[in-house]
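**Student:** One file is attached below, protein_2.cif, containing mmCIF, C-alpha atoms.
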data_entry
loop_
_atom_site.label_atom_id
_atom_site.label_comp_id
_atom_site.auth_asym_id
_atom_site.auth_seq_id
_atom_site.Cartn_x
_atom_site.Cartn_y
_atom_site.Cartn_z
CA MET S 1 81.67 107.97 87.04
CA GLY S 2 81.29 104.81 84.98
CA LEU S 3 81.16 101.35 86.51
CA GLY S 4 84.18 100.37 84.42
CA THR S 5 86.22 102.95 86.31
CA VAL S 6 84.84 101.63 89.60
CA PHE S 7 85.79 98.08 88.65
CA LEU S 8 89.34 98.98 87.63
CA SER S 9 89.82 101.14 90.71
CA GLU S 10 88.78 98.32 93.05
CA VAL S 11 90.88 95.74 91.19
CA LEU S 12 94.00 97.88 91.46
CA GLY S 13 93.45 98.97 95.06
CA THR S 14 92.54 95.52 96.36
CA GLY S 15 95.35 93.99 94.32
CA VAL S 16 97.97 96.17 95.99
CA LEU S 17 96.37 95.55 99.39
CA LEU S 18 96.74 91.79 98.92
CA LEU S 19 100.19 92.00 97.38
CA LEU S 20 101.51 93.83 100.44
CA GLY S 21 99.36 91.93 102.94
CA ALA S 22 100.12 88.45 101.66
CA GLY S 23 103.67 89.62 101.08
CA VAL S 24 104.27 90.48 104.74
CA VAL S 25 102.88 87.11 105.83
CA ALA S 26 105.19 85.38 103.36
CA ASN S 27 108.11 87.45 104.64
CA VAL S 28 107.46 86.32 108.22
CA LEU S 29 106.52 82.67 107.62
CA LEU S 30 108.44 81.32 104.64
CA ALA S 31 111.83 79.65 104.83
CA LYS S 32 114.99 81.69 104.26
CA SER S 33 113.15 85.02 104.00
CA LYS S 34 115.02 87.96 105.51
CA GLY S 35 111.92 88.79 107.53
CA PHE S 36 111.52 85.23 108.83
CA ASP S 37 109.97 85.03 112.30
CA GLY S 38 109.38 88.80 112.36
CA GLY S 39 106.33 88.39 114.56
CA TRP S 40 102.65 89.22 114.72
CA LEU S 41 103.05 92.99 114.91
CA LEU S 42 105.09 93.05 111.70
CA ILE S 43 102.19 91.25 110.03
CA ASN S 44 99.71 93.72 111.55
CA PHE S 45 101.64 96.72 110.28
CA GLY S 46 102.22 95.13 106.88
CA TRP S 47 98.48 94.71 106.41
CA GLY S 48 97.84 98.20 107.73
CA PHE S 49 100.22 99.77 105.25
CA GLY S 50 98.73 97.58 102.52
CA VAL S 51 95.36 99.17 103.28
CA PHE S 52 97.02 102.60 103.31
CA ALA S 53 98.38 102.07 99.78
CA GLY S 54 95.22 100.45 98.49
CA VAL S 55 92.95 103.24 99.70
CA TYR S 56 95.04 105.86 97.90
CA ILE S 57 95.09 103.84 94.69
CA ALA S 58 91.33 103.20 94.68
CA TYR S 59 90.29 106.76 95.56
CA LYS S 60 88.07 107.10 92.48
CA SER S 61 85.72 104.31 93.61
CA GLY S 62 85.73 105.32 97.26
CA ALA S 63 88.29 102.60 98.01
CA HIS S 64 86.01 99.95 99.49
CA LEU S 65 88.56 97.14 98.88
CA ASN S 66 86.23 94.87 100.84
CA PRO S 67 82.73 93.50 100.17
CA ALA S 68 81.94 93.99 103.87
CA VAL S 69 82.53 97.74 103.47
CA THR S 70 80.34 97.77 100.36
CA ILE S 71 77.61 95.93 102.26
CA GLY S 72 77.98 98.28 105.23
CA ILE S 73 77.45 101.31 103.02
CA LEU S 74 74.48 99.57 101.41
CA THR S 75 72.76 98.77 104.73
CA SER S 76 73.52 102.22 106.13
CA GLY S 77 70.97 103.66 103.71
CA ALA S 78 73.49 105.73 101.73
CA ASP S 79 72.48 106.95 98.28
CA GLU S 80 75.96 106.62 96.77
CA PHE S 81 78.86 104.21 97.16
CA ALA S 82 81.18 107.02 96.09
CA PRO S 83 80.59 110.43 94.50
CA GLY S 84 78.76 109.77 91.25
CA VAL S 85 78.20 106.04 91.92
CA PRO S 86 74.58 105.40 92.96
CA VAL S 87 73.84 102.47 95.25
CA GLY S 88 72.17 99.69 93.26
CA VAL S 89 72.32 96.01 92.40
CA GLY S 90 74.56 96.55 89.39
CA SER S 91 77.03 98.82 91.15
CA THR S 92 77.15 96.47 94.17
CA LEU S 93 78.05 93.52 91.95
CA VAL S 94 80.74 95.57 90.19
CA TYR S 95 82.34 96.39 93.53
CA PHE S 96 82.24 92.73 94.56
CA ALA S 97 83.77 91.60 91.25
CA GLY S 98 86.57 94.17 91.37
CA GLU S 99 87.41 93.31 94.97
CA MET S 100 87.49 89.57 94.31
CA LEU S 101 89.59 89.80 91.16
CA GLY S 102 91.99 92.26 92.76
CA ALA S 103 92.45 90.00 95.78
CA PHE S 104 93.14 87.00 93.56
CA LEU S 105 95.67 88.87 91.42
CA GLY S 106 97.42 90.41 94.43
CA ALA S 107 97.89 86.96 95.96
CA VAL S 108 99.33 85.62 92.72
CA LEU S 109 101.82 88.51 92.59
CA ALA S 110 102.86 87.81 96.19
CA TRP S 111 103.47 84.18 95.21
CA LEU S 112 105.63 85.28 92.30
CA ALA S 113 107.65 87.60 94.55
CA TYR S 114 108.33 84.76 97.03
CA LYS S 115 108.39 81.79 94.63
CA PRO S 116 111.84 80.45 95.72
CA HIS S 117 110.79 80.70 99.37
CA PHE S 118 107.58 78.80 98.76
CA ASP S 119 109.72 76.11 97.13
CA GLU S 120 111.99 75.97 100.19
CA THR S 121 109.14 75.73 102.71
CA PRO S 122 107.99 72.16 103.42
CA ASP S 123 105.08 73.11 105.71
CA GLU S 124 101.93 73.27 103.60
CA GLY S 125 100.08 75.01 106.43
CA LEU S 126 102.49 77.94 106.40
CA LYS S 127 102.05 78.33 102.67
CA LEU S 128 98.28 78.35 103.01
CA ALA S 129 98.58 80.99 105.75
CA VAL S 130 100.17 83.36 103.24
CA PHE S 131 97.00 83.23 101.17
CA SER S 132 94.16 82.85 103.66
CA THR S 133 93.24 82.92 107.31
CA GLY S 134 92.77 80.03 109.72
CA PRO S 135 91.70 79.70 113.35
CA ALA S 136 94.06 79.27 116.26
CA ILE S 137 91.37 77.11 117.93
CA ARG S 138 88.96 75.58 115.43
CA SER S 139 85.44 76.23 116.66
CA TYR S 140 83.26 77.37 113.80
CA THR S 141 80.72 79.14 116.02
CA TRP S 142 83.31 81.15 117.95
CA ASN S 143 85.45 81.73 114.88
CA LEU S 144 82.36 83.18 113.19
CA VAL S 145 81.64 85.39 116.21
CA CYS S 146 85.20 86.72 116.14
CA GLU S 147 85.00 87.59 112.44
CA ILE S 148 81.64 89.30 112.95
CA ILE S 149 83.02 91.43 115.79
CA GLY S 150 86.23 92.35 114.00
CA THR S 151 84.44 93.31 110.80
CA PHE S 152 81.80 95.24 112.69
CA VAL S 153 84.54 97.36 114.27
CA LEU S 154 86.19 97.93 110.88
CA VAL S 155 83.06 98.97 109.00
CA PHE S 156 81.46 100.91 111.86
CA VAL S 157 84.58 103.01 112.39
CA VAL S 158 85.08 103.52 108.64
CA LEU S 159 81.50 104.82 108.39
CA ALA S 160 82.10 107.04 111.41
CA LEU S 161 85.23 108.47 109.80
CA GLY S 162 83.13 109.39 106.79
CA LYS S 163 80.81 111.40 109.03
CA THR S 164 83.56 112.99 111.12
CA PRO S 165 86.43 114.03 108.82
CA THR S 166 89.76 113.91 110.64
CA GLN S 167 92.10 114.93 107.80
CA LEU S 168 93.95 111.65 108.39
CA GLY S 169 92.28 109.93 105.44
CA PRO S 170 93.82 106.57 104.52
CA LEU S 171 96.19 106.71 107.50
CA ALA S 172 93.25 106.51 109.90
CA VAL S 173 91.93 103.39 108.18
CA ALA S 174 95.42 101.85 108.08
CA MET S 175 95.91 102.34 111.81
CA LEU S 176 92.42 100.96 112.44
CA VAL S 177 93.40 97.76 110.63
CA VAL S 178 96.63 97.54 112.64
CA GLY S 179 94.61 97.97 115.82
CA ILE S 180 92.08 95.30 114.88
CA GLY S 181 94.88 92.88 114.08
CA ALA S 182 96.70 93.58 117.33
CA SER S 183 93.57 93.39 119.49
CA LEU S 184 91.18 90.97 117.76
CA GLY S 185 93.33 89.09 115.26
CA GLY S 186 94.54 86.26 117.48
CA PRO S 187 91.59 83.85 117.27
CA THR S 188 91.12 83.74 113.48
CA GLY S 189 93.84 85.84 111.83
CA TYR S 190 91.29 88.63 111.20
CA ALA S 191 90.11 88.16 107.63
CA ILE S 192 87.48 90.93 108.12
CA ASN S 193 87.13 90.90 104.33
CA PRO S 194 85.47 88.14 102.25
CA ALA S 195 87.47 88.98 99.12
CA ARG S 196 90.76 89.10 101.04
CA ASP S 197 90.28 85.48 102.10
CA LEU S 198 88.33 83.83 99.29
CA GLY S 199 90.21 85.30 96.31
CA PRO S 200 93.65 84.27 97.60
CA ARG S 201 92.32 80.88 98.77
CA ILE S 202 91.24 80.22 95.19
CA ALA S 203 94.71 81.29 94.06
CA HIS S 204 96.24 78.83 96.55
CA ALA S 205 94.09 76.04 95.12
CA LEU S 206 95.17 76.82 91.55
CA LEU S 207 98.88 77.62 91.95
CA PRO S 208 101.63 74.95 91.87
CA LEU S 209 102.61 74.97 95.54
CA SER S 210 103.56 71.38 96.36
CA TYR S 211 106.88 71.06 98.17
CA LYS S 212 109.40 68.83 96.40
CA GLY S 213 112.10 66.74 98.01
CA THR S 214 115.67 66.26 96.80
CA ASP S 215 114.48 63.56 94.42
CA GLY S 216 111.98 65.94 92.81
CA GLU S 217 108.96 64.12 94.16
CA ALA S 218 106.15 66.11 95.75
CA ILE S 219 106.04 65.86 99.53
CA GLY S 220 102.79 66.37 101.39
CA LYS S 221 99.37 67.24 100.05
CA LYS S 222 98.13 70.73 99.35
CA ASP S 223 94.97 71.53 101.28
CA SER S 224 93.15 74.85 100.83
CA ASP S 225 90.97 74.16 103.90
CA TRP S 226 87.66 74.66 102.14
CA GLY S 227 85.86 73.35 105.22
CA TYR S 228 86.75 76.57 107.05
CA SER S 229 86.49 78.91 104.05
CA TRP S 230 82.87 79.93 104.69
CA VAL S 231 83.72 81.50 108.08
CA PRO S 232 85.85 84.42 106.75
CA VAL S 233 83.16 85.07 104.13
CA VAL S 234 79.96 84.81 106.15
CA GLY S 235 81.35 86.45 109.30
CA PRO S 236 82.48 89.66 107.59
CA ILE S 237 79.25 89.88 105.60
CA ILE S 238 77.21 89.74 108.81
CA GLY S 239 79.55 92.12 110.63
CA GLY S 240 79.52 94.63 107.79
CA ALA S 241 75.73 94.52 107.44
CA LEU S 242 75.22 95.03 111.17
CA ALA S 243 77.68 97.93 111.21
CA GLY S 244 75.78 99.66 108.42
CA VAL S 245 72.42 99.25 110.13
CA ILE S 246 73.68 100.53 113.48
CA ALA S 247 75.59 103.38 111.82
CA SER S 248 72.36 104.50 110.18
CA LEU S 249 70.86 104.85 113.66
CA ALA S 250 73.91 106.30 115.36
CA PHE S 251 75.23 108.86 112.88
#
Spit out the file's structure as structure tokens when you get a sec.
**Tutor:**
Amino acid sequence: MGLGTVFLSEVLGTGVLLLLGAGVVANVLLAKSKGFDGGWLLINFGWGFGVFAGVYIAYKSGAHLNPAVTIGILTSGADEFAPGVPVGVGSTLVYFAGEMLGAFLGAVLAWLAYKPHFDETPDEGLKLAVFSTGPAIRSYTWNLVCEIIGTFVLVFVVLALGKTPTQLGPLAVAMLVVGIGASLGGPTGYAINPARDLGPRIAHALLPLSYKGTDGEAIGKKDSDWGYSWVPVVGPIIGGALAGVIASLAF
């Protein structure tokens, strides 16, 4: 399989993942949405089903949808990222690029779907939360630890599923993501995916999201919280790498 196919597969799969994932957050948080205040579990299941759809779409590339998964496979000592895709520097970078672009595009599509609701929402923090994660208690060390643990669980179990076929396929991964969100998502919002957070955060920085008052003047200042942005990138990278190493010893 060519790397062009891998790239397109990851763009499409990660794009749908972010469209549905960011979309459920927008549905719960943004003003006048019919899903407003739907709660944490609705968000958990929305992300889970986003993964479910994305994995099916990106089947040709092995449906990584996440640089942490790619890194986990790399550090596990595997020979291939997917059937016919050898592990190597070039293929690794193609996966990363597809995941990042897909995440960015999916976030933009979610913004388009909810554009009137973004316009009606004065709270800039809620709008940022549609695109990226943030901590409930800001403590960079403990936020990093939480992201490492959550991503470790994701990648370790995904690698285990590859060794122990259950016939559940994408559904197993979807329910795993729901479980991680329900159990470990409270401290940081469970990015567990560098592309999922960084791509949409870039989209947030670029899109016209300022709230306007009745006089048409912008109210408030858009802040993409770049000071925190390294946590949901570095944490998942470490968690994914550790999961791959331990999986190579355990399975």
**Student:** Since I can't run it myself right now, could you work out what the PyMOL selection byres ((chain S and resi 148) around 8) selects here and report it as a PyMOL selection string?
**Tutor:** chain S and resi 144-147+149-152+192+235-240
**Student:** The PyMOL selection byres ((chain S and resi 129) around 12) - which residues does that actually catch in the file I just gave you? List them as a ChimeraX atom specification.
**Tutor:** /S:21-30,43,107,118,123-128,130-136,188-191,197,200-201,204,223-225
**Student:** Between CA of Ala97 in chain S and CA of Lys222 in chain S, measure the distance and give it in Å to one decimal.
**Tutor:** 26.6 Å
**Student:** Excluding Glu120 in chain S and its own-chain neighbours fewer than 2 positions away, which residues fall within 9 Å of it when counting only C-alpha atoms? Please give them as a list in words.
**Tutor:**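 Counting only the stated atoms, we get Leu30, Ala31, Lys32, Lys115, Pro116, His117, Phe118, Pro122, Tyr211 and Lys212 of chain S.
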**Student:** Take the residues from that selection and write them out as a compact mmCIF listing (two decimals), in the frame of the given file, keeping C-alpha atoms.
**Tutor:**
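File selection33.txt, as written:
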# COMPACT_ATOMS: atom_id res chain seq x y z
CA LEU S 30 108.44 81.32 104.64
CA ALA S 31 111.83 79.65 104.83
CA LYS S 32 114.99 81.69 104.26
CA LYS S 115 108.39 81.79 94.63
CA PRO S 116 111.84 80.45 95.72
CA HIS S 117 110.79 80.70 99.37
CA PHE S 118 107.58 78.80 98.76
CA PRO S 122 107.99 72.16 103.42
CA TYR S 211 106.88 71.06 98.17
CA LYS S 212 109.40 68.83 96.40
**Student:** Translate the PyMOL selection byres ((chain S and resi 4) around 12) into a concrete residue list for this structure, as a list in words.
**Tutor:**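 When the PyMOL selection byres ((chain S and resi 4) around 12) is applied to the shown file, the picked residues are Met1, Gly2, Leu3, Thr5, Val6, Phe7, Leu8, Ser9, Glu10, Val11, Lys60, Ser61, Val85, Gly90, Ser91, Leu93, Val94, Tyr95, Ala97 and Gly98 of chain S.
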**Student:** Closest to Lys34 in chain S among S:Tyr114, S:Gly244, S:Phe49, S:Leu105, using all atoms listed in the file?
**Tutor:** S:Tyr114
**Student:** I'd like the box whose edges run along x, y and z of the file and which contains every listed atom of range 237-248 of chain S, padded by 3 Å per side; could you state its centre and edge lengths in Å, one decimal, as AutoDock Vina command-line options?
**Tutor:**
--center_x 76.0 --center_y 97.1 --center_z 109.5 --size_x 13.2 --size_y 20.8 --size_z 13.9
**Student:** CA of Glu99 in chain S and CA of Trp40 in chain S, how far apart in Å?
**Tutor:** 25.3 Å
**Student:** For the atom pair CA of Trp47 in chain S and CA of Leu20 in chain S, what is the interatomic distance in Å to one decimal place?
**Tutor:**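 Value for the CA of Trp47 in chain S-CA of Leu20 in chain S distance: 6.8 Å.
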**Student:** Could you check which of S:Leu112, S:Val158, S:Phe36, S:Pro208 is closest to Ser76 in chain S, using all atoms listed in the file?
**Tutor:**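 Counting all atoms listed in the file, the residue closest to Ser76 in chain S is S:Val158.
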**Student:** Near range 245-250 of chain S, within 8 Å and counting all atoms listed in the file, which residues show up once chain neighbours fewer than 4 positions away are dropped, as an mmCIF file with C-alpha atoms, in the coordinates of the input?
**Tutor:**
data_model
loop_
_atom_site.group_PDB
_atom_site.id
_atom_site.type_symbol
_atom_site.label_atom_id
_atom_site.label_comp_id
_atom_site.auth_asym_id
_atom_site.auth_seq_id
_atom_site.Cartn_x
_atom_site.Cartn_y
_atom_site.Cartn_z
ATOM 1 C CA GLY S 72 77.980 98.280 105.230
ATOM 2 C CA THR S 75 72.760 98.770 104.730
ATOM 3 C CA SER S 76 73.520 102.220 106.130
ATOM 4 C CA GLY S 77 70.970 103.660 103.710
ATOM 5 C CA PHE S 156 81.460 100.910 111.860
ATOM 6 C CA LEU S 159 81.500 104.820 108.390
ATOM 7 C CA ALA S 160 82.100 107.040 111.410
ATOM 8 C CA ALA S 241 75.730 94.520 107.440
#
**Student:** Tell me which protein, DNA and RNA residues are within 7 Å of Gly54 in chain S, counting all atoms listed in the file, leaving out same-chain ones fewer than 6 positions away, and put them as a PDB file with C-alpha atoms, in the coordinates of the input.
**Tutor:**
ATOM      1  CA  GLY S  13      93.450  98.970  95.060  1.00  0.00           C
ATOM      2  CA  THR S  14      92.540  95.520  96.360  1.00  0.00           C
ATOM      3  CA  VAL S  16      97.970  96.170  95.990  1.00  0.00           C
ATOM      4  CA  LEU S  17      96.370  95.550  99.390  1.00  0.00           C
TER       5      LEU S  17
END
**Student:** Restricting the calculation to all atoms listed in the file, which member of S:Ala110, S:Leu154, S:Ala195, S:Met175 is positioned closest to Leu19 in chain S?
**Tutor:**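 Distance minimum relative to Leu19 in chain S lands on S:Ala110.
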**Student:** Write out as a ChimeraX atom specification which residues come within 10 Å of Leu41 in chain S when counting only C-alpha atoms, dropping same-chain ones fewer than 4 positions away.
**Tutor:** /S:45-47,178-179,181-182
